[in-house]
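Participant: mmCIF, C-alpha atoms, saved as query_20.cif, coming up:
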```cif
data_upload
loop_
_atom_site.label_atom_id
_atom_site.label_comp_id
_atom_site.auth_asym_id
_atom_site.auth_seq_id
_atom_site.Cartn_x
_atom_site.Cartn_y
_atom_site.Cartn_z
CA MET A 62 -46.13 35.61 -134.84
CA THR A 63 -47.80 36.48 -131.78
CA GLU A 64 -46.47 35.48 -128.35
CA HIS A 65 -48.56 33.09 -126.39
CA GLN A 66 -49.30 34.44 -122.99
CA ARG A 67 -48.87 32.14 -120.09
CA ILE A 68 -51.70 32.10 -117.62
CA HIS A 69 -50.89 31.01 -114.05
CA PRO A 70 -53.79 29.90 -111.96
CA VAL A 71 -54.31 31.95 -108.80
CA VAL A 72 -55.94 30.45 -105.81
CA VAL A 73 -58.35 32.82 -104.28
CA GLN A 74 -58.97 32.20 -100.59
CA ASP A 75 -62.29 32.90 -99.19
CA VAL A 76 -61.94 35.48 -96.53
CA GLU A 77 -65.06 34.43 -94.78
CA ALA A 78 -64.08 30.76 -94.51
CA PRO A 79 -62.53 29.72 -91.16
CA LEU A 80 -58.82 29.13 -90.92
CA SER A 81 -57.85 25.49 -90.61
CA PRO A 82 -55.35 24.60 -87.82
CA PRO A 83 -51.83 23.87 -88.81
CA PRO A 84 -50.86 20.26 -89.05
CA PRO A 85 -49.28 18.78 -85.89
CA PRO A 86 -45.53 18.53 -85.80
CA PRO A 87 -44.05 15.16 -86.47
CA PRO A 88 -43.27 13.06 -83.37
CA PRO A 89 -39.68 13.18 -82.20
CA PRO A 90 -37.56 10.21 -82.98
CA PRO A 91 -37.42 7.61 -80.18
CA THR A 92 -34.49 8.05 -77.76
CA THR A 93 -32.91 5.45 -75.55
CA THR A 94 -32.13 6.33 -71.89
CA ARG A 95 -28.76 5.49 -70.53
CA PRO A 96 -27.91 4.94 -66.82
CA LEU A 97 -26.14 7.68 -64.93
CA LEU A 98 -23.25 5.36 -64.09
CA PRO A 99 -21.72 2.90 -66.45
CA GLN A 100 -21.53 -0.74 -65.67
CA VAL A 101 -18.75 -1.47 -63.22
CA THR A 102 -16.97 -4.73 -63.25
CA LEU A 103 -14.86 -5.82 -60.26
CA ARG A 104 -12.07 -8.04 -61.28
CA SER A 105 -10.14 -10.34 -59.06
CA GLU A 106 -7.61 -12.99 -59.69
CA LYS A 107 -9.40 -15.50 -57.50
CA CYS A 108 -13.05 -14.48 -58.03
CA ASN A 109 -15.32 -14.90 -60.98
CA PRO A 110 -15.70 -11.56 -62.80
CA ALA A 111 -19.29 -12.35 -63.73
CA ARG A 112 -20.32 -12.52 -60.07
CA ASN A 113 -18.69 -9.22 -59.17
CA GLN A 114 -20.57 -7.12 -61.70
CA VAL A 115 -22.66 -4.33 -60.23
CA PRO A 116 -26.11 -3.93 -61.82
CA LEU A 117 -26.68 -0.90 -63.96
CA GLY A 118 -28.20 2.09 -62.24
CA HIS A 119 -27.01 1.13 -58.74
CA LEU A 120 -24.65 3.34 -56.79
CA ILE A 121 -21.65 1.89 -55.04
CA THR A 122 -21.54 2.93 -51.40
CA ALA A 123 -18.33 2.45 -49.42
CA ARG A 124 -18.60 1.03 -45.91
CA PRO A 125 -17.48 3.40 -43.13
CA PRO A 126 -14.28 2.39 -41.35
CA PRO A 127 -14.79 0.55 -38.05
CA LEU A 128 -14.80 2.70 -34.97
CA THR A 129 -11.62 2.37 -32.98
CA PRO A 130 -11.99 2.39 -29.18
CA PRO A 131 -10.48 5.32 -27.32
CA LYS A 132 -6.85 4.88 -26.38
CA SER A 133 -7.21 6.29 -22.86
CA GLY A 134 -8.30 2.91 -21.46
CA ASN A 135 -5.33 1.16 -23.04
CA CYS A 136 -2.92 3.72 -21.58
CA LEU A 137 -4.44 3.35 -18.13
CA CYS A 138 -4.21 -0.43 -18.32
CA LYS A 139 -0.58 -0.29 -19.44
CA CYS A 140 0.28 2.15 -16.64
CA PHE A 141 -1.36 -0.11 -14.06
CA CYS A 142 0.47 -3.18 -15.38
CA TRP A 143 3.82 -1.38 -15.32
CA THR A 144 3.25 -0.13 -11.77
CA LEU A 145 2.23 -3.58 -10.57
CA SER A 146 5.26 -5.15 -12.25
CA LEU A 147 7.61 -2.64 -10.62
CA LEU A 148 6.08 -3.26 -7.19
CA ILE A 149 6.44 -7.02 -7.59
CA LEU A 150 10.04 -6.58 -8.74
CA LEU A 151 10.77 -4.30 -5.77
CA LEU A 152 9.29 -6.83 -3.35
CA ILE A 153 11.39 -9.58 -4.89
CA ILE A 154 14.56 -7.47 -4.56
CA VAL A 155 13.78 -6.53 -0.95
CA GLY A 156 12.98 -10.13 -0.06
CA ALA A 157 16.14 -11.42 -1.68
CA THR A 158 18.25 -8.77 0.09
CA ALA A 159 16.66 -9.56 3.45
CA GLY A 160 17.24 -13.28 2.91
CA ILE A 161 20.90 -12.73 2.06
CA LEU A 162 21.42 -10.49 5.10
CA TYR A 163 19.72 -13.03 7.33
CA LEU A 164 21.95 -15.85 6.08
CA VAL A 165 25.09 -13.75 6.43
CA PHE A 166 24.48 -12.13 9.84
CA GLN A 167 21.98 -14.58 11.40
CA PRO A 168 20.37 -11.96 13.70
CA LYS A 169 19.07 -12.90 17.15
CA ILE A 170 16.97 -10.93 19.63
CA PRO A 171 18.90 -9.71 22.73
CA LYS A 172 18.21 -11.45 26.02
CA TYR A 173 17.34 -9.69 29.26
CA SER A 174 17.18 -10.87 32.85
CA VAL A 175 16.39 -9.25 36.21
CA ASP A 176 19.22 -10.04 38.62
CA ASP A 177 18.23 -7.98 41.65
CA LEU A 178 15.27 -5.99 42.90
CA ARG A 179 15.23 -3.65 45.90
CA ILE A 180 12.53 -1.34 47.20
CA SER A 181 14.16 1.75 48.64
CA ASP A 182 10.89 3.54 49.37
CA LEU A 183 7.22 2.54 49.59
CA THR A 184 5.40 5.28 51.50
CA LEU A 185 1.77 6.26 51.93
CA ASN A 186 1.50 10.04 51.73
CA PHE A 187 -0.92 12.32 53.59
CA ASP A 188 -3.12 12.58 50.51
CA LEU A 189 -3.39 8.76 50.53
CA SER A 190 -1.22 8.44 47.42
CA LEU A 191 1.48 5.77 47.32
CA TYR A 192 5.04 6.74 46.45
CA ALA A 193 7.31 3.92 45.24
CA ARG A 194 11.02 3.79 44.44
CA PHE A 195 12.52 0.57 43.04
CA ASN A 196 16.15 -0.25 42.17
CA VAL A 197 16.36 -2.88 39.44
CA LYS A 198 19.54 -4.60 38.28
CA ILE A 199 19.20 -5.79 34.66
CA THR A 200 21.58 -7.77 32.46
CA ALA A 201 21.36 -7.34 28.67
CA GLU A 202 23.04 -9.96 26.48
CA ASN A 203 23.81 -9.57 22.79
CA PRO A 204 24.22 -13.10 21.37
CA ASN A 205 25.02 -11.95 17.80
CA LYS A 206 28.49 -12.50 16.36
CA LYS A 207 28.33 -9.81 13.64
CA ILE A 208 25.72 -7.36 14.92
CA GLY A 209 26.18 -4.45 17.33
CA ILE A 210 23.33 -2.71 19.17
CA TYR A 211 22.96 1.01 19.90
CA TYR A 212 20.57 1.67 22.80
CA GLU A 213 18.99 4.99 21.90
CA LYS A 214 17.26 7.71 23.89
CA GLY A 215 13.57 7.28 24.73
CA SER A 216 13.50 3.90 26.50
CA HIS A 217 10.76 3.16 29.02
CA LEU A 218 10.70 0.66 31.90
CA SER A 219 7.87 0.22 34.37
CA VAL A 220 6.88 -2.05 37.28
CA TRP A 221 3.24 -3.17 37.53
CA TYR A 222 1.20 -4.92 40.19
CA LYS A 223 -1.99 -6.49 38.78
CA ASN A 224 -2.48 -3.92 35.99
CA THR A 225 -1.55 -1.02 38.27
CA ASN A 226 1.53 1.03 37.45
CA LEU A 227 3.80 1.44 40.50
CA CYS A 228 6.88 3.21 39.06
CA GLN A 229 8.78 3.87 35.81
CA GLY A 230 12.24 4.80 34.54
CA SER A 231 14.59 4.52 31.54
CA ILE A 232 17.74 2.75 30.38
CA PRO A 233 20.86 4.90 29.74
CA ARG A 234 22.20 5.22 26.21
CA PHE A 235 25.13 2.97 25.34
CA TYR A 236 26.57 0.74 22.62
CA GLN A 237 26.72 -3.02 23.06
CA GLY A 238 29.23 -4.94 20.98
CA HIS A 239 29.18 -8.45 19.57
CA GLN A 240 28.49 -11.28 22.01
CA ASN A 241 28.56 -8.89 24.93
CA LYS A 242 26.85 -8.85 28.32
CA THR A 243 26.11 -5.53 29.98
CA THR A 244 24.71 -5.06 33.49
CA PHE A 245 23.19 -1.76 34.58
CA ASN A 246 21.12 -0.44 37.49
CA VAL A 247 17.88 1.38 36.77
CA VAL A 248 16.02 3.56 39.30
CA LEU A 249 12.24 3.51 38.91
CA THR A 250 9.99 6.01 40.71
CA GLY A 251 6.27 6.66 40.66
CA GLN A 252 3.18 7.76 42.54
CA ASN A 253 -0.32 6.24 42.54
CA GLN A 254 -3.37 8.11 43.77
CA TYR A 255 -5.14 4.99 45.06
CA GLY A 256 -2.41 4.37 47.63
CA ARG A 257 -4.46 3.08 50.54
CA THR A 258 -6.30 0.46 48.49
CA LEU A 259 -3.15 -0.58 46.62
CA LEU A 260 -1.01 -0.91 49.72
CA ASP A 261 -3.62 -3.01 51.52
CA ALA A 262 -3.86 -5.37 48.53
CA MET A 263 -0.07 -5.84 48.35
CA GLN A 264 0.25 -6.44 52.08
CA GLU A 265 -2.48 -9.05 51.92
CA GLN A 266 -0.71 -10.72 48.98
CA GLN A 267 2.59 -10.62 50.91
CA GLN A 268 1.17 -13.00 53.50
CA THR A 269 1.21 -15.74 50.87
CA GLY A 270 4.92 -15.18 50.19
CA ARG A 271 4.31 -14.83 46.42
CA ILE A 272 3.76 -11.33 45.09
CA PRO A 273 3.42 -11.00 41.30
CA LEU A 274 5.20 -8.08 39.67
CA ASP A 275 5.59 -7.31 35.96
CA LEU A 276 8.58 -5.45 34.52
CA LYS A 277 7.65 -4.02 31.09
CA ILE A 278 10.41 -2.85 28.77
CA ASP A 279 10.25 -0.71 25.62
CA VAL A 280 13.71 0.17 24.28
CA PRO A 281 14.49 1.85 20.91
CA VAL A 282 17.67 0.43 19.40
CA SER A 283 19.64 0.79 16.18
CA ILE A 284 21.25 -2.25 14.58
CA LYS A 285 24.81 -2.06 13.30
CA LEU A 286 25.66 -4.46 10.46
CA GLY A 287 29.38 -4.14 9.87
CA LYS A 288 29.80 -0.42 9.18
CA LEU A 289 26.15 0.09 8.28
CA LYS A 290 23.79 1.51 10.92
CA LEU A 291 20.12 0.75 10.26
CA ASN A 292 17.05 2.68 11.33
CA LYS A 293 15.54 2.41 14.79
CA VAL A 294 13.46 -0.54 15.92
CA HIS A 295 11.87 -1.20 19.31
CA ILE A 296 12.66 -4.11 21.59
CA MET A 297 9.52 -4.72 23.61
CA GLY A 298 8.77 -7.34 26.22
CA THR A 299 7.71 -8.26 29.74
CA CYS A 300 9.45 -10.01 32.62
CA MET A 301 6.94 -11.66 34.96
CA LEU A 302 8.45 -11.82 38.45
CA ILE A 303 7.39 -13.53 41.66
CA VAL A 304 8.95 -12.00 44.80
CA ASP A 305 8.60 -13.04 48.43
CA ASN A 306 8.12 -9.61 50.09
CA LEU A 307 7.96 -5.86 49.55
CA SER A 308 9.98 -4.73 52.56
CA THR A 309 11.94 -1.52 52.05
CA ASN A 310 15.74 -1.47 52.23
CA SER A 311 15.96 -5.23 52.41
CA LEU A 312 16.93 -7.98 50.02
CA ILE A 313 13.99 -9.22 48.02
CA SER A 314 14.15 -12.77 46.75
CA ILE A 315 13.03 -13.32 43.15
CA LYS A 316 11.43 -16.76 43.20
CA ALA A 317 10.49 -16.91 39.52
CA SER A 318 11.26 -14.87 36.42
CA THR A 319 9.96 -15.35 32.89
CA CYS A 320 10.91 -12.86 30.15
CA ASN A 321 9.56 -12.66 26.61
CA PHE A 322 10.79 -10.07 24.07
CA GLY A 323 10.28 -9.23 20.45
CA LEU A 324 11.01 -6.59 17.79
CA LYS A 325 8.60 -3.90 16.66
CA LEU A 326 9.37 -1.88 13.56
#
```
Just give me the structure of the file as structure tokens.
Facilitator:
Amino acid sequence: MTEHQRIHPVVVQDVEAPLSPPPPPPPPPPTTTRPLLPQVTLRSEKCNPARNQVPLGHLITARPPPLTPPKSGNCLCKCFCWTLSLLILLLIIVGATAGILYLVFQPKIPKYSVDDLRISDLTLNFDLSLYARFNVKITAENPNKKIGIYYEKGSHLSVWYKNTNLCQGSIPRFYQGHQNKTTFNVVLTGQNQYGRTLLDAMQEQQQTGRIPLDLKIDVPVSIKLGKLKLNKVHIMGTCMLIVDNLSTNSLISIKASTCNFGLKL
């Protein structure tokens, strides 16, 4: 028995025929885009969670912290307040101390009086300058019961006639105790270049029998409170005198005397 031969058909492609393009590739399957950030839900015990949801695709940006003011101004203000408070406290302490001392010691200004006035020399020189020499007797009274007075170096006394300085001198140094009266003699000398004019004016005033003279006093003193000696202060004042004449080496009558004194720190 003869074998049957199998015949397979062969497709013969025409060489001259143009090549057909390959079929297009199948479209890719549809893809779904997802947001870069997942949905964020803010939860709170008091707030509704549905209201605090952030929409998809939105970035959460944090607010920058508030700018704090520089601390230099606060330090300067605190320093000024502390300084002012300390000054006020110091003033209160000083005022309270001064008030207590005043109530305890009850200070009073010393009293002064001119007891006697003599002119030992009143001469017109060849150069027409006037030389004057006065002897003044002064009484100083300390009326304080608990305060002593040290009369220090550097005092200044002067006699004036109508704003013209005639002579000057100083008080000796001494200590004056409580409720004490001290009398001392002071020699005042001086020279004025307008002697002729000044002497004529005083002689004309002498005819009235009332010649005004001013005794100006500036005395540095130290106050003693118990055993404590305070710093120097100045007792300053003026005694306005009315005398009857300016005759040399004779008793001069003081018709009126008014003295006013005060303290200068």
Participant: Using only C-alpha atoms, which of A:Val247, A:Ile284, A:Leu148, A:Ser318 sits nearest Phe166 in chain A?
Facilitator: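 Under the stated criterion, the closest residue is A:Ile284.
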Participant: Would you please work out which residue, of A:Ile170, A:Val175, A:Ile161, A:Ile180, is nearest to Thr319 in chain A when using all atoms listed in the file?
Facilitator: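 Checking each of A:Ile170, A:Val175, A:Ile161, A:Ile180 against Thr319 in chain A, counting all atoms listed in the file, the winner is A:Val175.
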Participant: What do you get, as a PyMOL selection string, if you spell out every residue that the PyMOL selection byres ((chain A and resi 239) around 9) selects here?
Facilitator: chain A and resi 203-210+237-238+240-241
Participant: Using only C-alpha atoms, which residues sit within 8 Å of range 271-273 of chain A once same-chain residues fewer than 3 positions away are excluded, as a ChimeraX atom specification?
Facilitator: /A:222-223,263,266-268,301-306
Participant: So that I can check the surroundings of Thr299 in chain A, please list as a list of chain:residue names every protein, DNA and RNA residue that reaches within 6 Å of it, counting only C-alpha atoms and ignoring chain neighbours fewer than 6 positions away.
Facilitator: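 So, after excluding close chain neighbours, the residues are A:Leu276, A:Lys277, A:Cys320, A:Asn321.
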Participant: Output C-alpha atoms for every residue in the selection just made, as a PDB file, keeping the file's coordinate frame.
Facilitator:
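Done, and the output landed in again10.pdb:
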```
ATOM      1  CA  LEU A 276       8.580  -5.450  34.520  1.00  0.00           C
ATOM      2  CA  LYS A 277       7.650  -4.020  31.090  1.00  0.00           C
ATOM      3  CA  CYS A 320      10.910 -12.860  30.150  1.00  0.00           C
ATOM      4  CA  ASN A 321       9.560 -12.660  26.610  1.00  0.00           C
TER       5      ASN A 321
END
```
Participant: Could you please determine the separation between CA of His217 in chain A and CA of Pro233 in chain A in Å, to one decimal place?
Facilitator: 10.3 Å
Participant: Kindly indicate which residue among A:Cys140, A:Leu164, A:Leu307, A:Ile232 lies nearest to Arg194 in chain A, using only C-alpha atoms for the distances.
Facilitator: A:Leu307
